[in-house]
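Notes for the one structure printed next.
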Amino acid sequence: MGDRRNKYGVSPDMQACPVETTLDVIGGKWKGIILYQLLDGTKRFNEFRRLNPGITQFMLTLQLRELERDGIIHREIYKEVPPRVEYSLTDFGRTLEPIIMAMKAWGESYKVRLDENRTIQGNDEIK
C-alpha cells in the first residue's frame, strides 16, 4: 500500500484499526461493486462502463488504478491493434471474496427489511 494515507490522514500501516485499513482499500462507492463484478471473471474497461453507467471514465480509471496499486486486481495489456486491457482479481484479491459476498448477503437482507418497513408504513397511512 505504500505511503498512502486515508481520508483521516492516517497511514493504513501505522497502527490503524484493521477495519479502517480494509475500508481504506475497498471502501468508496465503486470499489466494492468492481470487486463483486470481478468475482465471476475477467472484465474489460468498457464492460465495467456498461455494467455501471453511473461511473465516469475518470472515476473508473482511478478506482481500477488504486485497486491495482494495492495488489487487489491485475491489469493485463494485450499488444494488439487496437490494444486490449483486461482486469482480473489477483490471488490476494480473491481473499476478499468472503467479505464481498457477506456484504451482498447483508445488502439483500437489508433491502427486504426496508421493503417490509415501507409496506408497514404504507398500511399505517391507509388507515
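Chain labels run A, B, ... following the order of the C-alpha cells; each chain numbers its residues from 1, and ligands are numbered from 1 in the order shown.
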
Set out as JSON lines a contact list for stretch 60-122 of chain A and stretch 34-52 of chain A with a cut-off of 8 Å, giving each residue of stretch 60-122 of chain A that qualifies its closest atom pair and distance in Å to one decimal, counting only C-alpha atoms, ordered by chain and rising residue number.
```
{"residue": "A:Leu60", "atom": "CA", "partner": "A:Arg49", "partner_atom": "CA", "distance": 7.9}
{"residue": "A:Arg84", "atom": "CA", "partner": "A:Arg44", "partner_atom": "CA", "distance": 7.9}
{"residue": "A:Val85", "atom": "CA", "partner": "A:Arg44", "partner_atom": "CA", "distance": 6.1}
{"residue": "A:Glu86", "atom": "CA", "partner": "A:Arg44", "partner_atom": "CA", "distance": 4.6}
{"residue": "A:Tyr87", "atom": "CA", "partner": "A:Lys43", "partner_atom": "CA", "distance": 5.3}
{"residue": "A:Ser88", "atom": "CA", "partner": "A:Thr42", "partner_atom": "CA", "distance": 4.6}
{"residue": "A:Leu89", "atom": "CA", "partner": "A:Leu38", "partner_atom": "CA", "distance": 6.4}
{"residue": "A:Arg94", "atom": "CA", "partner": "A:Leu39", "partner_atom": "CA", "distance": 7.7}
{"residue": "A:Glu97", "atom": "CA", "partner": "A:Leu39", "partner_atom": "CA", "distance": 7.1}
{"residue": "A:Ile100", "atom": "CA", "partner": "A:Tyr36", "partner_atom": "CA", "distance": 6.4}
{"residue": "A:Met101", "atom": "CA", "partner": "A:Tyr36", "partner_atom": "CA", "distance": 7.8}
```

Please produce a file of those selected residues containing C-alpha atoms, as a CSV table (one decimal), in the first residue's frame.
```csv
chain,number,residue,atom,x,y,z
A,60,LEU,CA,-13.4,4.1,-13.1
A,84,ARG,CA,-7.0,-4.8,-25.3
A,85,VAL,CA,-6.8,-4.4,-21.5
A,86,GLU,CA,-8.4,-6.9,-19.1
A,87,TYR,CA,-8.8,-6.7,-15.3
A,88,SER,CA,-8.9,-9.7,-13.0
A,89,LEU,CA,-8.6,-10.4,-9.3
A,94,ARG,CA,-9.6,-13.3,-4.2
A,97,GLU,CA,-14.5,-12.8,-1.8
A,100,ILE,CA,-17.8,-9.1,-0.7
A,101,MET,CA,-20.3,-12.0,-0.6
```

Worksheet item: Which polymer residues have any atom within 8 Å of an atom of A:Leu67, counting only C-alpha atoms, with same-chain residues fewer than 3 positions away left out, as a ChimeraX atom specification?
Response: /A:25-26,31,63-64,70-73

Taking N, CA and C atoms for each residue, export the selection above as an mmCIF file, in the first residue's frame.
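Here's the written file part.cif:
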```
data_model
loop_
_atom_site.group_PDB
_atom_site.id
_atom_site.type_symbol
_atom_site.label_atom_id
_atom_site.label_comp_id
_atom_site.auth_asym_id
_atom_site.auth_seq_id
_atom_site.Cartn_x
_atom_site.Cartn_y
_atom_site.Cartn_z
ATOM 1 N N VAL A 25 -8.913 0.282 1.643
ATOM 2 C CA VAL A 25 -8.572 -0.411 0.399
ATOM 3 C C VAL A 25 -9.804 -0.660 -0.464
ATOM 4 N N ILE A 26 -10.925 -1.079 0.134
ATOM 5 C CA ILE A 26 -12.092 -1.463 -0.671
ATOM 6 C C ILE A 26 -13.267 -0.508 -0.526
ATOM 7 N N LYS A 31 -15.580 0.676 -5.585
ATOM 8 C CA LYS A 31 -14.623 -0.430 -5.466
ATOM 9 C C LYS A 31 -15.309 -1.753 -5.128
ATOM 10 N N GLN A 63 -10.337 4.255 -9.702
ATOM 11 C CA GLN A 63 -10.618 3.124 -8.820
ATOM 12 C C GLN A 63 -9.825 1.885 -9.245
ATOM 13 N N LEU A 64 -9.760 1.618 -10.548
ATOM 14 C CA LEU A 64 -9.000 0.476 -11.036
ATOM 15 C C LEU A 64 -7.513 0.635 -10.738
ATOM 16 N N ASP A 70 -2.830 -1.535 -4.967
ATOM 17 C CA ASP A 70 -2.918 -2.246 -3.695
ATOM 18 C C ASP A 70 -2.796 -3.758 -3.851
ATOM 19 N N GLY A 71 -2.596 -4.232 -5.083
ATOM 20 C CA GLY A 71 -2.389 -5.655 -5.306
ATOM 21 C C GLY A 71 -3.668 -6.474 -5.303
ATOM 22 N N ILE A 72 -4.814 -5.809 -5.455
ATOM 23 C CA ILE A 72 -6.109 -6.487 -5.414
ATOM 24 C C ILE A 72 -6.507 -6.990 -6.799
ATOM 25 N N ILE A 73 -6.205 -6.214 -7.816
ATOM 26 C CA ILE A 73 -6.524 -6.626 -9.184
ATOM 27 C C ILE A 73 -5.266 -6.611 -10.040
#
```

Discussion item. Write out as a PyMOL selection string the set of residues from stretch 33-65 of chain A that DSSP, computed on the backbone, places in alpha helix (DSSP H).
Written reply: chain A and resi 33-38+45-51+57-65

Please produce an output containing N, CA and C atoms for each residue in the selection, written as a PDB file, in the first residue's frame.
```pdb
ATOM      1  N   ILE A  33     -18.303  -2.658  -5.815  1.00  0.00           N
ATOM      2  CA  ILE A  33     -19.052  -3.096  -6.999  1.00  0.00           C
ATOM      3  C   ILE A  33     -18.105  -3.681  -8.036  1.00  0.00           C
ATOM      4  N   ILE A  34     -16.989  -3.027  -8.256  1.00  0.00           N
ATOM      5  CA  ILE A  34     -15.983  -3.532  -9.201  1.00  0.00           C
ATOM      6  C   ILE A  34     -15.498  -4.905  -8.759  1.00  0.00           C
ATOM      7  N   LEU A  35     -15.187  -5.044  -7.480  1.00  0.00           N
ATOM      8  CA  LEU A  35     -14.704  -6.325  -6.963  1.00  0.00           C
ATOM      9  C   LEU A  35     -15.765  -7.413  -7.108  1.00  0.00           C
ATOM     10  N   TYR A  36     -17.004  -7.077  -6.806  1.00  0.00           N
ATOM     11  CA  TYR A  36     -18.099  -8.042  -6.949  1.00  0.00           C
ATOM     12  C   TYR A  36     -18.202  -8.516  -8.398  1.00  0.00           C
ATOM     13  N   GLN A  37     -18.094  -7.595  -9.330  1.00  0.00           N
ATOM     14  CA  GLN A  37     -18.207  -7.949 -10.740  1.00  0.00           C
ATOM     15  C   GLN A  37     -17.023  -8.783 -11.221  1.00  0.00           C
ATOM     16  N   LEU A  38     -15.881  -8.633 -10.587  1.00  0.00           N
ATOM     17  CA  LEU A  38     -14.711  -9.425 -10.971  1.00  0.00           C
ATOM     18  C   LEU A  38     -14.730 -10.830 -10.373  1.00  0.00           C
ATOM     19  N   PHE A  45     -12.425  -2.807 -19.619  1.00  0.00           N
ATOM     20  CA  PHE A  45     -12.807  -1.471 -19.158  1.00  0.00           C
ATOM     21  C   PHE A  45     -14.227  -1.126 -19.593  1.00  0.00           C
ATOM     22  N   ASN A  46     -14.541  -1.340 -20.856  1.00  0.00           N
ATOM     23  CA  ASN A  46     -15.868  -0.971 -21.353  1.00  0.00           C
ATOM     24  C   ASN A  46     -16.977  -1.852 -20.785  1.00  0.00           C
ATOM     25  N   GLU A  47     -16.628  -3.070 -20.347  1.00  0.00           N
ATOM     26  CA  GLU A  47     -17.620  -3.899 -19.669  1.00  0.00           C
ATOM     27  C   GLU A  47     -18.026  -3.246 -18.355  1.00  0.00           C
ATOM     28  N   PHE A  48     -17.040  -2.728 -17.628  1.00  0.00           N
ATOM     29  CA  PHE A  48     -17.348  -2.004 -16.386  1.00  0.00           C
ATOM     30  C   PHE A  48     -18.231  -0.793 -16.680  1.00  0.00           C
ATOM     31  N   ARG A  49     -17.936  -0.100 -17.751  1.00  0.00           N
ATOM     32  CA  ARG A  49     -18.735   1.083 -18.109  1.00  0.00           C
ATOM     33  C   ARG A  49     -20.178   0.695 -18.407  1.00  0.00           C
ATOM     34  N   ARG A  50     -20.369  -0.423 -19.107  1.00  0.00           N
ATOM     35  CA  ARG A  50     -21.725  -0.897 -19.414  1.00  0.00           C
ATOM     36  C   ARG A  50     -22.451  -1.348 -18.150  1.00  0.00           C
ATOM     37  N   LEU A  51     -21.743  -2.057 -17.293  1.00  0.00           N
ATOM     38  CA  LEU A  51     -22.355  -2.577 -16.066  1.00  0.00           C
ATOM     39  C   LEU A  51     -22.659  -1.473 -15.055  1.00  0.00           C
ATOM     40  N   GLN A  57     -15.681   7.836 -16.630  1.00  0.00           N
ATOM     41  CA  GLN A  57     -14.452   7.200 -17.108  1.00  0.00           C
ATOM     42  C   GLN A  57     -13.304   7.538 -16.172  1.00  0.00           C
ATOM     43  N   PHE A  58     -13.232   8.789 -15.741  1.00  0.00           N
ATOM     44  CA  PHE A  58     -12.173   9.218 -14.833  1.00  0.00           C
ATOM     45  C   PHE A  58     -12.216   8.438 -13.524  1.00  0.00           C
ATOM     46  N   MET A  59     -13.405   8.321 -12.925  1.00  0.00           N
ATOM     47  CA  MET A  59     -13.533   7.635 -11.634  1.00  0.00           C
ATOM     48  C   MET A  59     -13.241   6.152 -11.776  1.00  0.00           C
ATOM     49  N   LEU A  60     -13.702   5.520 -12.853  1.00  0.00           N
ATOM     50  CA  LEU A  60     -13.418   4.107 -13.072  1.00  0.00           C
ATOM     51  C   LEU A  60     -11.915   3.892 -13.198  1.00  0.00           C
ATOM     52  N   THR A  61     -11.264   4.727 -13.966  1.00  0.00           N
ATOM     53  CA  THR A  61      -9.810   4.626 -14.125  1.00  0.00           C
ATOM     54  C   THR A  61      -9.119   4.775 -12.778  1.00  0.00           C
ATOM     55  N   LEU A  62      -9.535   5.750 -11.996  1.00  0.00           N
ATOM     56  CA  LEU A  62      -8.940   5.994 -10.680  1.00  0.00           C
ATOM     57  C   LEU A  62      -9.117   4.787  -9.763  1.00  0.00           C
ATOM     58  N   GLN A  63     -10.337   4.255  -9.702  1.00  0.00           N
ATOM     59  CA  GLN A  63     -10.618   3.124  -8.820  1.00  0.00           C
ATOM     60  C   GLN A  63      -9.825   1.885  -9.245  1.00  0.00           C
ATOM     61  N   LEU A  64      -9.760   1.618 -10.548  1.00  0.00           N
ATOM     62  CA  LEU A  64      -9.000   0.476 -11.036  1.00  0.00           C
ATOM     63  C   LEU A  64      -7.513   0.635 -10.738  1.00  0.00           C
ATOM     64  N   ARG A  65      -6.980   1.824 -10.900  1.00  0.00           N
ATOM     65  CA  ARG A  65      -5.561   2.057 -10.599  1.00  0.00           C
ATOM     66  C   ARG A  65      -5.263   1.846  -9.119  1.00  0.00           C
TER      67      ARG A  65
END
```
